[in-house]
Amino acid sequence: MNDQAAYDLECTNITKDFGSVRAVEDVSFVIPSGSFFSILGPSGCGKTTLMRMIAGFEKPTSGDIRIKGRSVLDVPPNKRNVKMVFQHLALFPMMNVYDNIAYGLRCAGTPKSEIEPKVRNVLERIALPDVATREIHQLSGGQKQRIAIARCMVLDPDVLLLDEPLGALDLKLREAMKIELKLLQHQFNTTFVYITHDQSEALVMSDHVAIMNNGRFEQIGRPEALYHNPTTSFVAGFVGDSNRWKGKVAEVKSDSARVETDAGLTMICKRREGEALSAGQAVEIFVRPEFISAKKDGAADNADNTLTGTVDSVLFNGANSRVLVRGPSAELIEADVVVTGGPEDLRARDAVRLSWSAQQTMCFAV
Amino acid sequence: MQSDIKRLSLILLFAPFALWLLLLIILPHIGIVALSLREKVAPRVYEFGFGNYIDFIQEPIYWNTLLRTGSMSILVTILALLIGFPIAYYIAKIAGKRSRGALFLLCLIPLWVSDLIRAFGWILLLRETGVVSSFLQDIGLISQPIEFLYNDITVIIGLVYTVILFMIVPLVSTLDGMGDDMIEAGYNLGGSGFTVLRKIILPYAMPGIVSGCIVVFMMTAGSYLTPILLGGKNSSWFTEQIYDQFITRFNWESGAAFGFLLLAFTSLVVWLGLKLTGQTLANTVAKS
């Protein structure tokens with residue numbers, strides 16, 4: 001195997017213009033074989049256009065798309081070995097489950113004797129061995145989902161594209177399908193490219209995630225890297241929850257900086273490697289709620305950043321409970337807390353001290 | 001109380017429709033059937049019997065006309081489908097959102113003009129001294145005037161023109177309901193353009209195709225003005241026979257028998273068509 005074929009899908013400098021609107025701008029990435037790759041971005045960021053170019057429904061204005069090392073720009077969509085699970089699944093309502101799955105095999109000219117065992121086999125792999133004769137409208141949402149995947153996987157594609165396929169499901173089913181999709185991907189060992197605007201879908205399932213905004217890739221990386229070491233303020237704000245302040249740099253040290261926020265707070269934040277900060281520069285600061293510890297006032301500690309305030313309200317949500325604290329500058333700050341049900345729990349109007357370390361304070365020049 | 005009001009409003013809403021069905025459709029047809037089963041034995045003396053139907057079978061010109069009307073109507077239906085489908089597909093799937101309404105309106109415009117005027121329009125174009133004939137003479141393609149009227153081709157063209165709209169409307173509405181992703185999925189899974197048309201688009205549009213075909217066939221077989229005006233004496237359309245019996249010969253019994261036969265014959269053709277294509281009224285017309 002040569003170096004190129006180690007990647008199932010390579011996109012190089014893809015740009016797509018619709019008239020004067022640039023939908024996708026200079027996007028490059030490679031996806032190693034057998035991995036789960038997500039493209040995460042707000043709606044309208046160009047991720048669907050990018051996927052449609054990979055599937056062949058749109059032609060890139062410039063750039064190259066290679067599948068298994070071979071450029072597919074001149075290959076029509078029905079000849080590309082890239083299959084797609086559509087947002088609304090697009091199962092064929094006039095065919096039953098068996099015919100839906102057999103459709104692709106028949107198009108490929110598979111001999112009749114091979115179609116039947118292949119369909120049975122893929123139905124068993126998605127754990128729905130008995131639905132072959134059912135009509136599409138008799139299936140539940142989760143079953144439809146799996147049939148749509150089976151319909152693609154029976155053709156043994158190089159890459160499977162999934163365009164927000166969980167969007168139409170209700171919350172409980174969506175949570176279950178997330179895990180199931182990941183398991184299916186392991187089972188088929190095929191490269192999945194998953195498009196979503198739901199960060200938890202992307203973070204839970206993916207080996208690698210690309211964050212897309214305004215037609216560009218902001219950052220590509222493993223989910224935990226995106227979460228803990230975002231390289232742009234968009235990624236820091238988009239992935240996970242954050243408290244966010246705007247401010248100006250007051251003083252720069254070798255590994256940290258002191259920032260005065262517009263509301264008058266002073267914070268110490270870490271300097272990321274290679275980031276040039278200078279005094280007076282406008283920056284944005286992000287601190288995740290789980291890194292802020294909220295304690296009843298009076299308990300002293302020596303954290304880098306501390307401030308005092310009063311609890312505005314407690315948002316109880318089991319293990320993900322949170323308090324909203326009104327700080328000295330009247331802004332609301334979110335902090336994760338453990339609610340045990342005992343007397344030491346924070347309640348509204350309690351005086352509270354918030355503290356967090358400079359390590360967890362991310363600072364981006366704007 | 002609540003259910004009483006519900007039932008009353010249902011009855012009130014249903015009443016006009018039931019009256020319409022009963023008074024204007026069922027009663028007249030019972031009358032026609034009863035009329036057709038009378039035989040005239042002497043002036044103002046009638047007997048029950050099947051004489052009018054026996055006359056029909058024994059006179060080849062009658063049933064030949066009926067078969068001819070039926071087969072030409074089937075041809076018109078097929079032509080309307082072949083021409084109408086691409087138009088409907090273009091309007092529903094290819095045209096942009098804004099031009100879609102305009103195109104649909106363009107299809108509707110001919111309906112604003114009565115059948116009669118439209119038929120005379122064709123006559124102006126196609127008669128011996130008409131626009132087409134004189135244009136062909138002017139450019140030197142033909143040396144003397146040609147009569148384009150009064151032949152089967154003209155009748156068929158005229159009929160297709162009259163009924164095609166009733167094919168396009170149900171087709172547009174069914175094709176409109178088909179998501180673009182369905183077609184894209186068809187290609188994505190490896191189908192060629194022809195496979196996608198045959199396995200996905202046509203089966204999906206089947207309810208529209210069947211209801212369009214039924215409407216068009218019934219309208220064509222029952223049409224009177226277009227075949228008479230464009231086909232003249234040669235048209236031998238079955239409705240002309242019915243008209244003859246009622247008005248010219250004043251033989252109401254025979255005319256009623258012919259009318260009933262036309263209804264029975266067209267119903268039979270529709271039923272056969274449904275059987276042959278494996279469709280039912282319930283899953284096609286009711287759905288479109």
# chains A, B, ... in the order shown; residues from 1 in each chain; ligands from 1
$ select_by_dssp --residues "stretch 39-188 of chain A" --states "helix (DSSP H, G or I)" --output "PDB file with C-alpha atoms, in the first residue's frame"
ATOM      1  CA  LYS A  47     -20.829  21.900   5.557  1.00  0.00           C
ATOM      2  CA  THR A  48     -23.681  20.484   3.489  1.00  0.00           C
ATOM      3  CA  THR A  49     -22.207  22.012   0.334  1.00  0.00           C
ATOM      4  CA  LEU A  50     -18.885  20.399   1.155  1.00  0.00           C
ATOM      5  CA  MET A  51     -20.576  17.029   1.584  1.00  0.00           C
ATOM      6  CA  ARG A  52     -22.521  17.400  -1.660  1.00  0.00           C
ATOM      7  CA  MET A  53     -19.240  18.060  -3.457  1.00  0.00           C
ATOM      8  CA  ILE A  54     -17.769  14.862  -2.032  1.00  0.00           C
ATOM      9  CA  ALA A  55     -20.877  12.946  -3.149  1.00  0.00           C
ATOM     10  CA  PRO A  77     -22.228  10.776  -8.575  1.00  0.00           C
ATOM     11  CA  ASN A  78     -23.583   7.355  -9.551  1.00  0.00           C
ATOM     12  CA  LYS A  79     -20.065   6.088 -10.300  1.00  0.00           C
ATOM     13  CA  VAL A  97     -37.103  -2.772   3.011  1.00  0.00           C
ATOM     14  CA  TYR A  98     -35.650  -5.590   0.921  1.00  0.00           C
ATOM     15  CA  ASP A  99     -36.001  -3.670  -2.354  1.00  0.00           C
ATOM     16  CA  ASN A 100     -34.606  -0.510  -0.788  1.00  0.00           C
ATOM     17  CA  ILE A 101     -31.443  -2.367   0.178  1.00  0.00           C
ATOM     18  CA  ALA A 102     -31.308  -4.379  -3.050  1.00  0.00           C
ATOM     19  CA  TYR A 103     -31.707  -1.265  -5.220  1.00  0.00           C
ATOM     20  CA  GLY A 104     -28.020  -0.379  -5.184  1.00  0.00           C
ATOM     21  CA  LEU A 105     -26.954  -3.978  -5.779  1.00  0.00           C
ATOM     22  CA  ARG A 106     -29.278  -4.231  -8.763  1.00  0.00           C
ATOM     23  CA  CYS A 107     -27.928  -0.965 -10.150  1.00  0.00           C
ATOM     24  CA  LYS A 112     -29.605 -12.279  -8.498  1.00  0.00           C
ATOM     25  CA  SER A 113     -28.228 -15.204  -6.517  1.00  0.00           C
ATOM     26  CA  GLU A 114     -25.830 -12.910  -4.639  1.00  0.00           C
ATOM     27  CA  ILE A 115     -28.317 -10.157  -3.847  1.00  0.00           C
ATOM     28  CA  GLU A 116     -30.434 -12.168  -1.445  1.00  0.00           C
ATOM     29  CA  PRO A 117     -27.605 -13.360   0.864  1.00  0.00           C
ATOM     30  CA  LYS A 118     -26.039  -9.895   0.847  1.00  0.00           C
ATOM     31  CA  VAL A 119     -29.278  -8.227   1.913  1.00  0.00           C
ATOM     32  CA  ARG A 120     -29.862 -10.846   4.632  1.00  0.00           C
ATOM     33  CA  ASN A 121     -26.307 -10.391   5.832  1.00  0.00           C
ATOM     34  CA  VAL A 122     -26.496  -6.602   6.125  1.00  0.00           C
ATOM     35  CA  LEU A 123     -29.886  -6.808   7.854  1.00  0.00           C
ATOM     36  CA  GLU A 124     -28.362  -9.138  10.416  1.00  0.00           C
ATOM     37  CA  ARG A 125     -25.451  -6.814  10.974  1.00  0.00           C
ATOM     38  CA  ILE A 136     -40.999   1.744   4.948  1.00  0.00           C
ATOM     39  CA  HIS A 137     -43.940   3.430   6.700  1.00  0.00           C
ATOM     40  CA  GLN A 138     -44.200   0.465   9.085  1.00  0.00           C
ATOM     41  CA  GLY A 141     -37.608   6.214  13.361  1.00  0.00           C
ATOM     42  CA  GLY A 142     -34.589   4.304  14.648  1.00  0.00           C
ATOM     43  CA  GLN A 143     -35.235   1.377  12.314  1.00  0.00           C
ATOM     44  CA  LYS A 144     -35.491   3.691   9.304  1.00  0.00           C
ATOM     45  CA  GLN A 145     -32.167   5.159  10.332  1.00  0.00           C
ATOM     46  CA  ARG A 146     -30.504   1.772  10.365  1.00  0.00           C
ATOM     47  CA  ILE A 147     -32.098   0.731   7.059  1.00  0.00           C
ATOM     48  CA  ALA A 148     -30.762   3.906   5.459  1.00  0.00           C
ATOM     49  CA  ILE A 149     -27.276   2.992   6.668  1.00  0.00           C
ATOM     50  CA  ALA A 150     -27.673  -0.645   5.607  1.00  0.00           C
ATOM     51  CA  ARG A 151     -28.780   0.462   2.136  1.00  0.00           C
ATOM     52  CA  CYS A 152     -25.422   2.210   1.747  1.00  0.00           C
ATOM     53  CA  MET A 153     -23.248  -0.314   3.559  1.00  0.00           C
ATOM     54  CA  LEU A 171     -33.991  13.244  22.169  1.00  0.00           C
ATOM     55  CA  LYS A 172     -33.993   9.779  23.796  1.00  0.00           C
ATOM     56  CA  LEU A 173     -33.658   7.987  20.479  1.00  0.00           C
ATOM     57  CA  ARG A 174     -30.967  10.409  19.370  1.00  0.00           C
ATOM     58  CA  GLU A 175     -28.853   9.568  22.420  1.00  0.00           C
ATOM     59  CA  ALA A 176     -29.258   5.850  21.732  1.00  0.00           C
ATOM     60  CA  MET A 177     -28.496   6.215  18.019  1.00  0.00           C
ATOM     61  CA  LYS A 178     -25.273   8.121  18.765  1.00  0.00           C
ATOM     62  CA  ILE A 179     -23.834   5.084  20.488  1.00  0.00           C
ATOM     63  CA  GLU A 180     -25.279   2.749  17.892  1.00  0.00           C
ATOM     64  CA  LEU A 181     -23.763   4.695  14.995  1.00  0.00           C
ATOM     65  CA  LYS A 182     -20.370   4.506  16.621  1.00  0.00           C
ATOM     66  CA  LEU A 183     -20.769   0.748  17.090  1.00  0.00           C
ATOM     67  CA  LEU A 184     -21.930   0.312  13.491  1.00  0.00           C
ATOM     68  CA  GLN A 185     -18.898   2.225  12.292  1.00  0.00           C
ATOM     69  CA  HIS A 186     -16.627  -0.081  14.269  1.00  0.00           C
ATOM     70  CA  GLN A 187     -18.438  -3.095  12.929  1.00  0.00           C
ATOM     71  CA  PHE A 188     -18.287  -2.106   9.267  1.00  0.00           C
TER      72      PHE A 188
END
$ interface_residues --of "chain B" --to "chain A" --cutoff "12 Å" --atoms "only C-alpha atoms" --output "PyMOL selection string"
chain B and resi 177-196+198-207+283
$ write_last_selection --atoms "N, CA and C atoms" --output "PDB file, in the first residue's frame"
ATOM      1  N   GLY B 177     -44.420  16.562  -4.414  1.00  0.00           N
ATOM      2  CA  GLY B 177     -44.277  15.938  -3.102  1.00  0.00           C
ATOM      3  C   GLY B 177     -43.040  15.076  -2.974  1.00  0.00           C
ATOM      4  N   MET B 178     -42.351  14.830  -4.082  1.00  0.00           N
ATOM      5  CA  MET B 178     -41.161  13.977  -4.023  1.00  0.00           C
ATOM      6  C   MET B 178     -39.940  14.839  -3.728  1.00  0.00           C
ATOM      7  N   GLY B 179     -39.234  14.525  -2.651  1.00  0.00           N
ATOM      8  CA  GLY B 179     -38.063  15.320  -2.290  1.00  0.00           C
ATOM      9  C   GLY B 179     -36.940  15.138  -3.305  1.00  0.00           C
ATOM     10  N   ASP B 180     -36.146  16.200  -3.506  1.00  0.00           N
ATOM     11  CA  ASP B 180     -34.987  16.079  -4.396  1.00  0.00           C
ATOM     12  C   ASP B 180     -34.025  15.014  -3.879  1.00  0.00           C
ATOM     13  N   ASP B 181     -34.021  14.838  -2.547  1.00  0.00           N
ATOM     14  CA  ASP B 181     -33.068  13.880  -1.991  1.00  0.00           C
ATOM     15  C   ASP B 181     -33.389  12.452  -2.439  1.00  0.00           C
ATOM     16  N   MET B 182     -34.663  12.209  -2.751  1.00  0.00           N
ATOM     17  CA  MET B 182     -35.043  10.885  -3.241  1.00  0.00           C
ATOM     18  C   MET B 182     -34.328  10.594  -4.570  1.00  0.00           C
ATOM     19  N   ILE B 183     -34.308  11.599  -5.441  1.00  0.00           N
ATOM     20  CA  ILE B 183     -33.664  11.425  -6.744  1.00  0.00           C
ATOM     21  C   ILE B 183     -32.151  11.322  -6.556  1.00  0.00           C
ATOM     22  N   GLU B 184     -31.630  12.199  -5.686  1.00  0.00           N
ATOM     23  CA  GLU B 184     -30.187  12.162  -5.438  1.00  0.00           C
ATOM     24  C   GLU B 184     -29.773  10.834  -4.834  1.00  0.00           C
ATOM     25  N   ALA B 185     -30.618  10.306  -3.928  1.00  0.00           N
ATOM     26  CA  ALA B 185     -30.312   8.998  -3.334  1.00  0.00           C
ATOM     27  C   ALA B 185     -30.277   7.943  -4.434  1.00  0.00           C
ATOM     28  N   GLY B 186     -31.190   8.066  -5.392  1.00  0.00           N
ATOM     29  CA  GLY B 186     -31.212   7.118  -6.502  1.00  0.00           C
ATOM     30  C   GLY B 186     -29.903   7.116  -7.267  1.00  0.00           C
ATOM     31  N   TYR B 187     -29.360   8.312  -7.515  1.00  0.00           N
ATOM     32  CA  TYR B 187     -28.069   8.406  -8.211  1.00  0.00           C
ATOM     33  C   TYR B 187     -26.935   7.934  -7.311  1.00  0.00           C
ATOM     34  N   ASN B 188     -26.995   8.386  -6.053  1.00  0.00           N
ATOM     35  CA  ASN B 188     -25.909   8.100  -5.122  1.00  0.00           C
ATOM     36  C   ASN B 188     -25.695   6.604  -4.938  1.00  0.00           C
ATOM     37  N   LEU B 189     -26.799   5.836  -4.966  1.00  0.00           N
ATOM     38  CA  LEU B 189     -26.674   4.398  -4.778  1.00  0.00           C
ATOM     39  C   LEU B 189     -26.294   3.687  -6.063  1.00  0.00           C
ATOM     40  N   GLY B 190     -25.976   4.465  -7.100  1.00  0.00           N
ATOM     41  CA  GLY B 190     -25.403   3.859  -8.297  1.00  0.00           C
ATOM     42  C   GLY B 190     -26.336   3.780  -9.487  1.00  0.00           C
ATOM     43  N   GLY B 191     -27.532   4.375  -9.376  1.00  0.00           N
ATOM     44  CA  GLY B 191     -28.463   4.291 -10.493  1.00  0.00           C
ATOM     45  C   GLY B 191     -28.099   5.236 -11.623  1.00  0.00           C
ATOM     46  N   SER B 192     -28.320   4.793 -12.871  1.00  0.00           N
ATOM     47  CA  SER B 192     -28.144   5.698 -14.003  1.00  0.00           C
ATOM     48  C   SER B 192     -29.414   6.530 -14.127  1.00  0.00           C
ATOM     49  N   GLY B 193     -29.369   7.546 -15.010  1.00  0.00           N
ATOM     50  CA  GLY B 193     -30.538   8.401 -15.186  1.00  0.00           C
ATOM     51  C   GLY B 193     -31.773   7.594 -15.522  1.00  0.00           C
ATOM     52  N   PHE B 194     -31.613   6.586 -16.375  1.00  0.00           N
ATOM     53  CA  PHE B 194     -32.752   5.777 -16.785  1.00  0.00           C
ATOM     54  C   PHE B 194     -33.293   4.947 -15.615  1.00  0.00           C
ATOM     55  N   THR B 195     -32.376   4.369 -14.835  1.00  0.00           N
ATOM     56  CA  THR B 195     -32.806   3.569 -13.679  1.00  0.00           C
ATOM     57  C   THR B 195     -33.569   4.432 -12.685  1.00  0.00           C
ATOM     58  N   VAL B 196     -33.045   5.640 -12.445  1.00  0.00           N
ATOM     59  CA  VAL B 196     -33.703   6.517 -11.486  1.00  0.00           C
ATOM     60  C   VAL B 196     -35.109   6.855 -11.969  1.00  0.00           C
ATOM     61  N   ARG B 198     -36.995   5.057 -14.024  1.00  0.00           N
ATOM     62  CA  ARG B 198     -37.856   3.873 -14.084  1.00  0.00           C
ATOM     63  C   ARG B 198     -38.177   3.343 -12.690  1.00  0.00           C
ATOM     64  N   LYS B 199     -37.186   3.355 -11.799  1.00  0.00           N
ATOM     65  CA  LYS B 199     -37.396   2.696 -10.509  1.00  0.00           C
ATOM     66  C   LYS B 199     -37.844   3.652  -9.422  1.00  0.00           C
ATOM     67  N   ILE B 200     -37.577   4.940  -9.590  1.00  0.00           N
ATOM     68  CA  ILE B 200     -37.889   5.855  -8.493  1.00  0.00           C
ATOM     69  C   ILE B 200     -38.921   6.905  -8.897  1.00  0.00           C
ATOM     70  N   ILE B 201     -38.629   7.644  -9.970  1.00  0.00           N
ATOM     71  CA  ILE B 201     -39.529   8.752 -10.293  1.00  0.00           C
ATOM     72  C   ILE B 201     -40.890   8.237 -10.765  1.00  0.00           C
ATOM     73  N   LEU B 202     -40.899   7.298 -11.722  1.00  0.00           N
ATOM     74  CA  LEU B 202     -42.179   6.805 -12.235  1.00  0.00           C
ATOM     75  C   LEU B 202     -43.015   6.113 -11.157  1.00  0.00           C
ATOM     76  N   PRO B 203     -42.436   5.176 -10.369  1.00  0.00           N
ATOM     77  CA  PRO B 203     -43.267   4.582  -9.321  1.00  0.00           C
ATOM     78  C   PRO B 203     -43.800   5.618  -8.341  1.00  0.00           C
ATOM     79  N   TYR B 204     -42.959   6.615  -8.043  1.00  0.00           N
ATOM     80  CA  TYR B 204     -43.425   7.633  -7.107  1.00  0.00           C
ATOM     81  C   TYR B 204     -44.580   8.426  -7.704  1.00  0.00           C
ATOM     82  N   ALA B 205     -44.486   8.708  -9.020  1.00  0.00           N
ATOM     83  CA  ALA B 205     -45.498   9.543  -9.660  1.00  0.00           C
ATOM     84  C   ALA B 205     -46.724   8.741 -10.073  1.00  0.00           C
ATOM     85  N   MET B 206     -46.724   7.420  -9.827  1.00  0.00           N
ATOM     86  CA  MET B 206     -47.802   6.567 -10.320  1.00  0.00           C
ATOM     87  C   MET B 206     -49.197   7.056  -9.952  1.00  0.00           C
ATOM     88  N   PRO B 207     -49.441   7.466  -8.691  1.00  0.00           N
ATOM     89  CA  PRO B 207     -50.789   7.953  -8.386  1.00  0.00           C
ATOM     90  C   PRO B 207     -51.201   9.101  -9.307  1.00  0.00           C
ATOM     91  N   ASN B 283     -55.271   3.361  -3.986  1.00  0.00           N
ATOM     92  CA  ASN B 283     -53.903   3.824  -3.726  1.00  0.00           C
ATOM     93  C   ASN B 283     -53.343   4.742  -4.801  1.00  0.00           C
TER      94      ASN B 283
END
$ residues_around --residues "A:Arg326" --least-positions-apart "2" --cutoff "8 Å" --atoms "only C-alpha atoms" --output "list in words"
Gly309, Thr310, Val311, Asp312, Leu324, Pro328, Ser329, Ala330, Glu331, Leu332 and Ile333 of chain A
$ closest_residue --among "B:Ile157, B:Val132, B:Ile74, B:Leu103" --to "B:Ala221" --atoms "only C-alpha atoms"
B:Ile74
$ residues_around --residues "stretch 211-217 of chain B" --least-positions-apart "3" --cutoff "10 Å" --atoms "only C-alpha atoms" --output "MDAnalysis selection string"
chainID B and resid 70 72:78 80:81 84 159:160 162:171 206:208 220:223 266:267 269:271 273:274 281 284:288
$ select_by_dssp --residues "stretch 84-244 of chain A" --states "strand (DSSP E)" --output "mmCIF file with C-alpha atoms, in the first residue's frame"
data_model
loop_
_atom_site.group_PDB
_atom_site.id
_atom_site.type_symbol
_atom_site.label_atom_id
_atom_site.label_comp_id
_atom_site.auth_asym_id
_atom_site.auth_seq_id
_atom_site.Cartn_x
_atom_site.Cartn_y
_atom_site.Cartn_z
ATOM 1 C CA MET A 84 -24.711 9.061 1.518
ATOM 2 C CA VAL A 85 -27.282 8.903 4.294
ATOM 3 C CA VAL A 159 -16.623 6.465 2.408
ATOM 4 C CA LEU A 160 -20.055 6.835 4.007
ATOM 5 C CA LEU A 161 -21.381 10.374 4.263
ATOM 6 C CA LEU A 162 -24.008 11.167 6.885
ATOM 7 C CA ASP A 163 -25.844 14.477 6.638
ATOM 8 C CA THR A 191 -14.759 5.653 6.973
ATOM 9 C CA PHE A 192 -17.727 7.707 8.163
ATOM 10 C CA VAL A 193 -17.954 11.429 7.447
ATOM 11 C CA TYR A 194 -20.597 12.881 9.683
ATOM 12 C CA ILE A 195 -22.054 16.345 9.326
ATOM 13 C CA THR A 196 -23.791 17.964 12.246
ATOM 14 C CA HIS A 208 -11.545 13.556 14.542
ATOM 15 C CA VAL A 209 -13.689 16.645 14.299
ATOM 16 C CA ALA A 210 -13.368 19.607 11.973
ATOM 17 C CA ILE A 211 -14.979 22.832 13.125
ATOM 18 C CA MET A 212 -16.356 24.785 10.202
ATOM 19 C CA ASN A 213 -17.440 28.392 10.153
ATOM 20 C CA ARG A 216 -13.631 27.654 6.347
ATOM 21 C CA PHE A 217 -12.218 24.997 8.623
ATOM 22 C CA GLU A 218 -11.320 26.696 11.902
ATOM 23 C CA GLN A 219 -9.637 23.697 13.474
ATOM 24 C CA ILE A 220 -9.281 19.955 12.950
ATOM 25 C CA GLY A 221 -8.451 17.681 15.828
ATOM 26 C CA ASN A 243 -18.234 32.106 30.244
ATOM 27 C CA ARG A 244 -17.024 34.792 27.936
#
$ closest_residue --among "A:Leu73, A:Leu166, A:Ala319, A:Val314" --to "A:Asp345" --atoms "only C-alpha atoms"
A:Val314
$ atom_distance --atom1 "atom CA of B:Phe50" --atom2 "atom CA of B:Glu240"
22.1 Å
$ residues_around --residues "A:Ala303" --least-positions-apart "5" --cutoff "7 Å" --atoms "only C-alpha atoms" --output "number ranges by chain"
A: 355-357
$ write_last_selection --atoms "N, CA and C atoms" --output "PDB file, in the first residue's frame"
ATOM      1  N   SER A 355     -13.563  30.735  42.001  1.00  0.00           N
ATOM      2  CA  SER A 355     -12.127  30.750  41.737  1.00  0.00           C
ATOM      3  C   SER A 355     -11.798  29.773  40.615  1.00  0.00           C
ATOM      4  N   TRP A 356     -10.798  30.140  39.824  1.00  0.00           N
ATOM      5  CA  TRP A 356     -10.336  29.248  38.762  1.00  0.00           C
ATOM      6  C   TRP A 356      -8.895  29.577  38.434  1.00  0.00           C
ATOM      7  N   SER A 357      -8.233  28.607  37.842  1.00  0.00           N
ATOM      8  CA  SER A 357      -6.800  28.798  37.620  1.00  0.00           C
ATOM      9  C   SER A 357      -6.543  29.479  36.275  1.00  0.00           C
TER      10      SER A 357
END
$ atom_distance --atom1 "atom CA of B:Ala119" --atom2 "atom CA of B:Trp252"
28.4 Å
$ atom_distance --atom1 "atom CA of B:Tyr90" --atom2 "atom CA of B:Phe104"
10.5 Å
$ residues_around --residues "A:Ile292" --least-positions-apart "5" --cutoff "12 Å" --atoms "only C-alpha atoms" --output "PyMOL selection string"
chain A and resi 242-243+286-287+303-307+322-325+333-337+352-361
$ write_last_selection --atoms "N, CA and C atoms" --output "CSV table (one decimal), in the first residue's frame"
chain,number,residue,atom,x,y,z
A,242,SER,N,-19.2,28.1,27.7
A,242,SER,CA,-18.1,29.0,28.2
A,242,SER,C,-18.7,30.2,28.8
A,243,ASN,N,-18.0,30.7,29.8
A,243,ASN,CA,-18.2,32.1,30.2
A,243,ASN,C,-17.3,32.9,29.4
A,286,PHE,N,-12.3,33.1,27.6
A,286,PHE,CA,-13.3,32.0,27.8
A,286,PHE,C,-12.9,31.2,29.0
A,287,VAL,N,-13.9,30.9,29.9
A,287,VAL,CA,-13.6,30.0,31.0
A,287,VAL,C,-14.8,29.0,31.0
A,303,ALA,N,-6.2,30.6,44.4
A,303,ALA,CA,-6.3,30.5,42.9
A,303,ALA,C,-5.9,31.7,42.2
A,304,ASP,N,-5.6,31.6,40.9
A,304,ASP,CA,-5.1,32.7,40.1
A,304,ASP,C,-6.2,33.8,40.0
A,305,ASN,N,-7.4,33.3,39.8
A,305,ASN,CA,-8.5,34.2,39.6
A,305,ASN,C,-9.6,34.0,40.7
A,306,THR,N,-10.0,35.0,41.4
A,306,THR,CA,-11.1,34.8,42.3
A,306,THR,C,-12.0,36.0,42.2
A,307,LEU,N,-13.2,35.8,42.4
A,307,LEU,CA,-14.1,37.0,42.6
A,307,LEU,C,-15.3,36.6,43.5
A,322,ARG,N,-25.8,23.6,37.9
A,322,ARG,CA,-25.1,24.8,37.7
A,322,ARG,C,-25.6,25.9,38.5
A,323,VAL,N,-24.8,26.9,38.9
A,323,VAL,CA,-25.3,28.1,39.6
A,323,VAL,C,-25.0,29.3,38.7
A,324,LEU,N,-25.9,30.2,38.7
A,324,LEU,CA,-25.7,31.5,38.0
A,324,LEU,C,-25.3,32.5,39.1
A,325,VAL,N,-24.1,33.1,39.0
A,325,VAL,CA,-23.6,34.0,40.1
A,325,VAL,C,-23.5,35.4,39.5
A,333,ILE,N,-22.3,34.8,35.9
A,333,ILE,CA,-21.2,33.9,35.6
A,333,ILE,C,-21.8,32.5,35.9
A,334,GLU,N,-21.5,31.5,35.0
A,334,GLU,CA,-22.0,30.2,35.2
A,334,GLU,C,-20.9,29.3,35.8
A,335,ALA,N,-21.2,28.5,36.8
A,335,ALA,CA,-20.2,27.6,37.4
A,335,ALA,C,-20.9,26.3,37.7
A,336,ASP,N,-20.2,25.2,37.4
A,336,ASP,CA,-20.8,23.9,37.7
A,336,ASP,C,-20.7,23.6,39.2
A,337,VAL,N,-21.7,23.0,39.8
A,337,VAL,CA,-21.7,22.7,41.2
A,337,VAL,C,-22.2,21.2,41.4
A,352,VAL,N,-21.0,34.1,47.6
A,352,VAL,CA,-20.2,33.0,47.1
A,352,VAL,C,-18.9,33.5,46.5
A,353,ARG,N,-17.9,32.6,46.6
A,353,ARG,CA,-16.6,33.0,46.1
A,353,ARG,C,-16.3,32.1,44.9
A,354,LEU,N,-16.0,32.7,43.7
A,354,LEU,CA,-15.6,31.9,42.5
A,354,LEU,C,-14.1,31.9,42.4
A,355,SER,N,-13.6,30.7,42.0
A,355,SER,CA,-12.1,30.7,41.7
A,355,SER,C,-11.8,29.8,40.6
A,356,TRP,N,-10.8,30.1,39.8
A,356,TRP,CA,-10.3,29.2,38.8
A,356,TRP,C,-8.9,29.6,38.4
A,357,SER,N,-8.2,28.6,37.8
A,357,SER,CA,-6.8,28.8,37.6
A,357,SER,C,-6.5,29.5,36.3
A,358,ALA,N,-5.4,30.1,36.1
A,358,ALA,CA,-5.0,30.7,34.9
A,358,ALA,C,-4.9,29.7,33.8
A,359,GLN,N,-4.5,28.5,34.1
A,359,GLN,CA,-4.4,27.4,33.1
A,359,GLN,C,-5.7,27.2,32.3
A,360,GLN,N,-6.8,27.4,33.0
A,360,GLN,CA,-8.1,27.1,32.4
A,360,GLN,C,-8.8,28.4,31.8
A,361,THR,N,-8.0,29.4,31.8
A,361,THR,CA,-8.5,30.7,31.2
A,361,THR,C,-7.9,30.9,29.9
$ closest_residue --among "B:Val113, B:Leu141, B:Ala256, B:Leu126" --to "B:Val33" --atoms "only C-alpha atoms"
B:Ala256
$ residues_around --residues "B:Ala34" --least-positions-apart "6" --cutoff "10 Å" --atoms "only C-alpha atoms" --output "ChimeraX atom specification"
/B:28,48,253,256-257
